[in-house]
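Source file coords.txt; content: compact mmCIF, C-alpha atoms and all ligand atoms.
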```
# COMPACT_ATOMS: atom_id res chain seq x y z
CA MET A 1 21.27 -42.51 206.87
CA THR A 2 22.92 -39.32 207.97
CA VAL A 3 19.81 -37.47 209.09
CA GLU A 4 19.02 -38.05 212.74
CA SER A 5 16.35 -35.44 213.17
CA LEU A 6 14.22 -33.10 211.17
CA SER A 7 11.54 -30.55 211.81
CA TYR A 8 8.96 -28.49 210.02
CA ALA A 9 6.16 -26.15 210.94
CA ILE A 10 2.70 -25.24 209.70
CA ASP A 11 0.80 -22.01 210.11
CA GLU A 12 -2.82 -21.63 211.19
CA GLN A 13 -4.02 -22.58 207.70
CA ASP A 14 -1.95 -25.78 207.82
CA HIS A 15 0.50 -24.51 205.23
CA LEU A 16 4.13 -25.51 205.55
CA VAL A 17 5.96 -22.37 206.54
CA ARG A 18 9.30 -23.63 207.76
CA ALA A 19 11.52 -26.65 207.33
CA ASP A 20 14.98 -27.22 208.70
CA GLU A 21 18.05 -28.61 206.98
CA GLY A 22 17.28 -32.12 208.25
CA TYR A 23 13.95 -32.04 206.42
CA TYR A 24 15.59 -31.28 203.08
CA ARG A 25 18.40 -33.79 203.61
CA PHE A 26 15.93 -36.47 204.62
CA ALA A 27 13.85 -35.75 201.51
CA GLU A 28 16.94 -35.94 199.34
CA GLU A 29 18.07 -39.25 200.83
CA ASN A 30 14.65 -40.69 200.17
CA GLY A 31 14.55 -39.55 196.58
CA TRP A 32 11.72 -37.12 197.16
CA ASP A 33 12.25 -34.47 194.49
CA GLU A 34 9.38 -32.16 195.36
CA ALA A 35 10.77 -31.17 198.74
CA SER A 36 12.23 -27.91 197.46
CA THR A 37 8.75 -26.63 196.62
CA SER A 38 7.16 -27.67 199.93
CA LEU A 39 6.98 -24.26 201.55
CA GLY A 40 3.62 -22.58 201.20
CA ARG A 41 1.83 -25.80 200.34
CA SER A 42 -0.79 -27.49 202.45
CA LEU A 43 0.40 -30.16 204.85
CA TRP A 44 -2.52 -32.30 203.67
CA ASP A 45 -1.09 -32.52 200.16
CA TYR A 46 1.55 -34.75 201.69
CA VAL A 47 -0.62 -37.09 203.69
CA ALA A 48 -1.68 -40.11 201.68
CA GLY A 49 -5.15 -41.59 202.08
CA GLU A 50 -8.43 -40.07 203.20
CA GLU A 51 -8.57 -42.03 206.46
CA MET A 52 -5.04 -40.98 207.39
CA LYS A 53 -5.88 -37.35 206.61
CA LYS A 54 -8.97 -37.53 208.75
CA VAL A 55 -7.14 -39.00 211.75
CA GLN A 56 -4.25 -36.57 211.47
CA ARG A 57 -6.59 -33.59 211.16
CA ILE A 58 -8.31 -34.63 214.38
CA LEU A 59 -4.91 -35.03 216.00
CA VAL A 60 -3.70 -31.58 214.93
CA ARG A 61 -6.95 -30.00 216.10
CA ARG A 62 -6.63 -31.69 219.46
CA ILE A 63 -3.05 -30.52 219.84
CA ARG A 64 -4.08 -26.94 219.07
CA ASP A 65 -7.22 -26.88 221.17
CA GLU A 66 -6.66 -29.29 224.01
CA VAL A 67 -3.37 -30.99 224.75
CA GLY A 68 -0.63 -28.69 223.41
CA SER A 69 1.72 -31.47 222.41
CA VAL A 70 1.84 -35.16 221.63
CA GLU A 71 4.68 -37.60 221.09
CA LEU A 72 4.14 -40.70 219.00
CA PRO A 73 6.14 -43.45 217.40
CA PHE A 74 5.84 -43.89 213.67
CA ARG A 75 7.35 -45.91 210.89
CA CYS A 76 9.01 -44.24 207.97
CA ASP A 77 10.49 -46.91 205.76
CA GLY A 78 12.70 -46.16 202.79
CA PRO A 79 13.24 -48.38 199.79
CA ALA A 80 16.14 -50.19 201.44
CA VAL A 81 15.63 -49.53 205.14
CA ARG A 82 13.18 -49.91 207.95
CA ARG A 83 13.01 -46.91 210.22
CA LYS A 84 11.46 -46.35 213.58
CA MET A 85 11.02 -42.72 214.42
CA ASP A 86 9.43 -40.63 217.12
CA ILE A 87 7.57 -37.49 216.29
CA ARG A 88 6.71 -34.69 218.63
CA ILE A 89 3.91 -32.42 217.49
CA ALA A 90 3.50 -29.24 219.49
CA ALA A 91 1.37 -26.14 219.17
CA ARG A 92 3.04 -22.84 219.83
CA PRO A 93 1.63 -21.48 223.07
CA GLY A 94 -1.03 -18.90 222.36
CA GLY A 95 -0.80 -19.45 218.62
CA ARG A 96 -2.10 -21.70 215.91
CA ALA A 97 1.26 -22.65 214.41
CA VAL A 98 2.28 -26.26 214.95
CA LEU A 99 5.80 -27.63 215.01
CA PHE A 100 6.63 -31.21 213.99
CA SER A 101 9.95 -32.62 215.18
CA ALA A 102 10.93 -36.13 214.20
CA ARG A 103 13.85 -38.09 215.56
CA LEU A 104 15.29 -41.36 214.33
CA ARG A 105 15.16 -44.12 216.94
CA ALA A 106 16.34 -47.13 214.98
CA GLU A 107 17.16 -48.01 211.45
CA GLU A 108 17.92 -51.36 209.91
CA GLU A 109 18.62 -52.52 206.42
CA ARG A 110 15.93 -54.66 204.93
CA GLU A 111 16.83 -58.26 204.47
CA GLU A 112 16.52 -59.65 200.98
CA PRO A 113 14.17 -60.91 199.81
CA GLN A 114 11.51 -58.82 201.51
CA PRO A 115 8.55 -60.69 202.87
CA LEU A 116 5.35 -59.75 201.11
CA LEU A 117 3.71 -58.94 204.36
CA ASN A 118 5.59 -57.49 207.24
CA PRO A 119 4.60 -59.67 210.20
CA GLU A 120 5.30 -56.86 212.68
CA VAL A 121 2.67 -54.61 211.20
CA PRO A 122 -0.97 -55.33 211.87
CA ARG A 123 -2.85 -55.69 208.65
CA ALA A 124 -5.42 -53.14 207.68
CA GLU A 125 -8.22 -55.62 207.33
CA ASP A 126 -10.11 -54.56 210.41
CA THR A 127 -12.11 -51.40 210.86
CA ILE A 128 -11.86 -48.86 213.62
CA ASP A 129 -15.01 -47.42 215.13
CA MET A 130 -14.97 -43.72 215.74
CA CYS A 131 -17.59 -41.47 217.28
CA GLY A 132 -18.75 -38.81 214.85
CA TRP A 133 -19.69 -36.51 217.74
CA CYS A 134 -16.66 -36.44 219.99
CA ASP A 135 -14.03 -37.84 217.54
CA ARG A 136 -12.95 -40.53 219.98
CA PHE A 137 -12.00 -44.03 218.91
CA ASP A 138 -13.03 -47.44 220.15
CA VAL A 139 -10.01 -49.41 221.32
CA GLU A 140 -11.12 -52.80 222.58
CA GLY A 141 -14.33 -51.43 224.00
CA GLU A 142 -12.80 -48.31 225.51
CA TRP A 143 -13.44 -44.92 223.91
CA VAL A 144 -10.21 -42.93 223.83
CA GLU A 145 -8.89 -39.71 222.31
CA VAL A 146 -7.05 -39.79 219.02
CA GLU A 147 -3.50 -39.65 220.44
CA GLU A 148 -4.24 -42.57 222.75
CA ALA A 149 -5.80 -44.53 219.90
CA ALA A 150 -2.77 -43.78 217.71
CA ARG A 151 -0.50 -45.11 220.43
CA ARG A 152 -2.45 -48.23 221.29
CA LEU A 153 -3.44 -49.22 217.77
CA GLU A 154 -0.07 -48.16 216.34
CA LEU A 155 -1.92 -46.16 213.72
CA PHE A 156 1.18 -44.48 212.37
CA ASN A 157 3.20 -47.67 212.30
CA ARG A 158 1.06 -49.21 209.60
CA PRO A 159 1.44 -48.94 205.87
CA GLU A 160 -2.23 -48.05 205.63
CA LEU A 161 -4.99 -47.22 208.03
CA PRO A 162 -7.90 -49.53 208.66
CA ALA A 163 -11.22 -48.19 207.42
CA LEU A 164 -12.96 -45.86 209.83
CA SER A 165 -16.48 -46.76 210.75
CA HIS A 166 -18.47 -43.77 211.95
CA GLY A 167 -20.91 -44.22 214.77
CA ILE A 168 -21.67 -42.85 218.15
CA CYS A 169 -20.08 -43.69 221.48
CA PRO A 170 -22.19 -44.55 224.55
CA ASP A 171 -21.42 -41.20 226.24
CA CYS A 172 -22.58 -39.15 223.28
CA ASN A 173 -25.54 -41.43 222.79
CA GLU A 174 -26.63 -40.90 226.37
CA MET A 175 -26.15 -37.15 226.08
CA LEU A 176 -28.28 -37.01 222.95
CA LEU A 177 -31.00 -39.12 224.50
CA ALA A 178 -31.06 -36.86 227.54
CA ALA A 179 -31.24 -33.68 225.49
ZN ZN B 201 -18.74 -39.64 221.37
```

Go through the file and emit its structure as structure tokens.
Amino acid sequence: MTVESLSYAIDEQDHLVRADEGYYRFAEENGWDEASTSLGRSLWDYVAGEEMKKVQRILVRRIRDEVGSVELPFRCDGPAVRRKMDIRIAARPGGRAVLFSARLRAEEEREEPQPLLNPEVPRAEDTIDMCGWCDRFDVEGEWVEVEEAARRLELFNRPELPALSHGICPDCNEMLLAA
């Protein structure tokens, strides 16, 4: 691959408003024909799966409202390659626009024949508990924010997300009981 980095930005309505040359070259190398009509469209048109949309929406909201920026590893495999990338997602200070910058960390050709199941990737057979009140996630008994959950559960390194199970965390439960 010749593209080492790419970036794109969304406005306050989550519409793609800017994409750099790397974005278009990356799209071309991956045979993604629709890239030229990306601008103006909703980011969420490009995120596959309801669970993934939900988690990424929470993440973007948290970046805008709380943490400012987050850096996460993610997998972006092509037909013939396995890719490890890092993405930095950052809100513009004082604004609602969000910039996504992805950088290639490692790439390797797939060996033939491909195994049916990639042993490195946890299978999406489990469910993840999330709190419907505070949008935190249960990671081995500890309730953590979305970016921490994404890191520890490798949410963006999986081909699909586990099902989300909506409940209430002990903190929120206590708060409601006390109210
Ligand atoms: Zn909660």

Check: In file coordinates, which residues lie within 12 Å of (1.0, -21.0, 207.2) using all atoms listed in the file, given as a PyMOL selection string?
Finding: chain A and resi 8-19+38-43+95-99

Note to self: What residues of the protein or nucleic acid chains come within 9 Å of ligand ZN 201 (chain B) when you use only C-alpha atoms and all ligand atoms? Reply as number ranges by chain.
What the structure shows: A: 130-137, 143, 167-173

Check: Between A:Val3, A:Leu177, A:Val47, A:Ala90, which has the minimum distance to Phe26 (chain A) (counting only C-alpha atoms)?
Finding: A:Val3

Next item on the list: Quick one: pull the distance between CA of Ala149 (chain A) and CA of Gly94 (chain A), Å, one decimal.
Entry: 26.2 Å

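For the pair CA of Glu142 (chain A) and CA of Asp86 (chain A), the separation is 25.0 Å.
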
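Using only C-alpha atoms, the shortest contact distance between Arg105 (chain A) and any of A:Ser7, A:Phe74, A:Ile89, A:Pro159 is found at A:Phe74.
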
Notebook entry, point to check: Which residue gives the smallest distance to Thr127 (chain A) among A:Gly49, A:Pro162, A:Pro73, A:Gly141, with only C-alpha atoms counted?
Noted result: A:Pro162

Checklist line | Between CA of Ser5 (chain A) and CA of Lys54 (chain A), distance in Å (one decimal) | finding: 25.8 Å

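Using only C-alpha atoms, the residues found no farther than 12 Å from Asp126 (chain A), other than those of its own chain fewer than 4 positions away, are Pro122, Leu153, Glu160, Leu161, Pro162, Ala163, Leu164 and Ser165 of chain A.
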
Next item on the list: Within 8 Å of Arg110 (chain A), counting all atoms listed in the file, which residues show up once you throw out same-chain ones fewer than 6 positions away? Write them as a ChimeraX atom specification, please.
Entry: /A:80-82

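For Ala27 (chain A), the set of protein, DNA and RNA residues having any atom at most 12 Å away, when counting only C-alpha atoms and skipping those fewer than 3 positions along the same chain, is Met1, Thr2, Val3, Ser5, Leu6, Ser7, Ala19, Asp20, Glu21, Gly22, Tyr23, Tyr24, Asn30, Gly31, Trp32, Asp33, Glu34, Ala35, Ser36, Thr37, Ser38, Cys76 and Gly78 of chain A.
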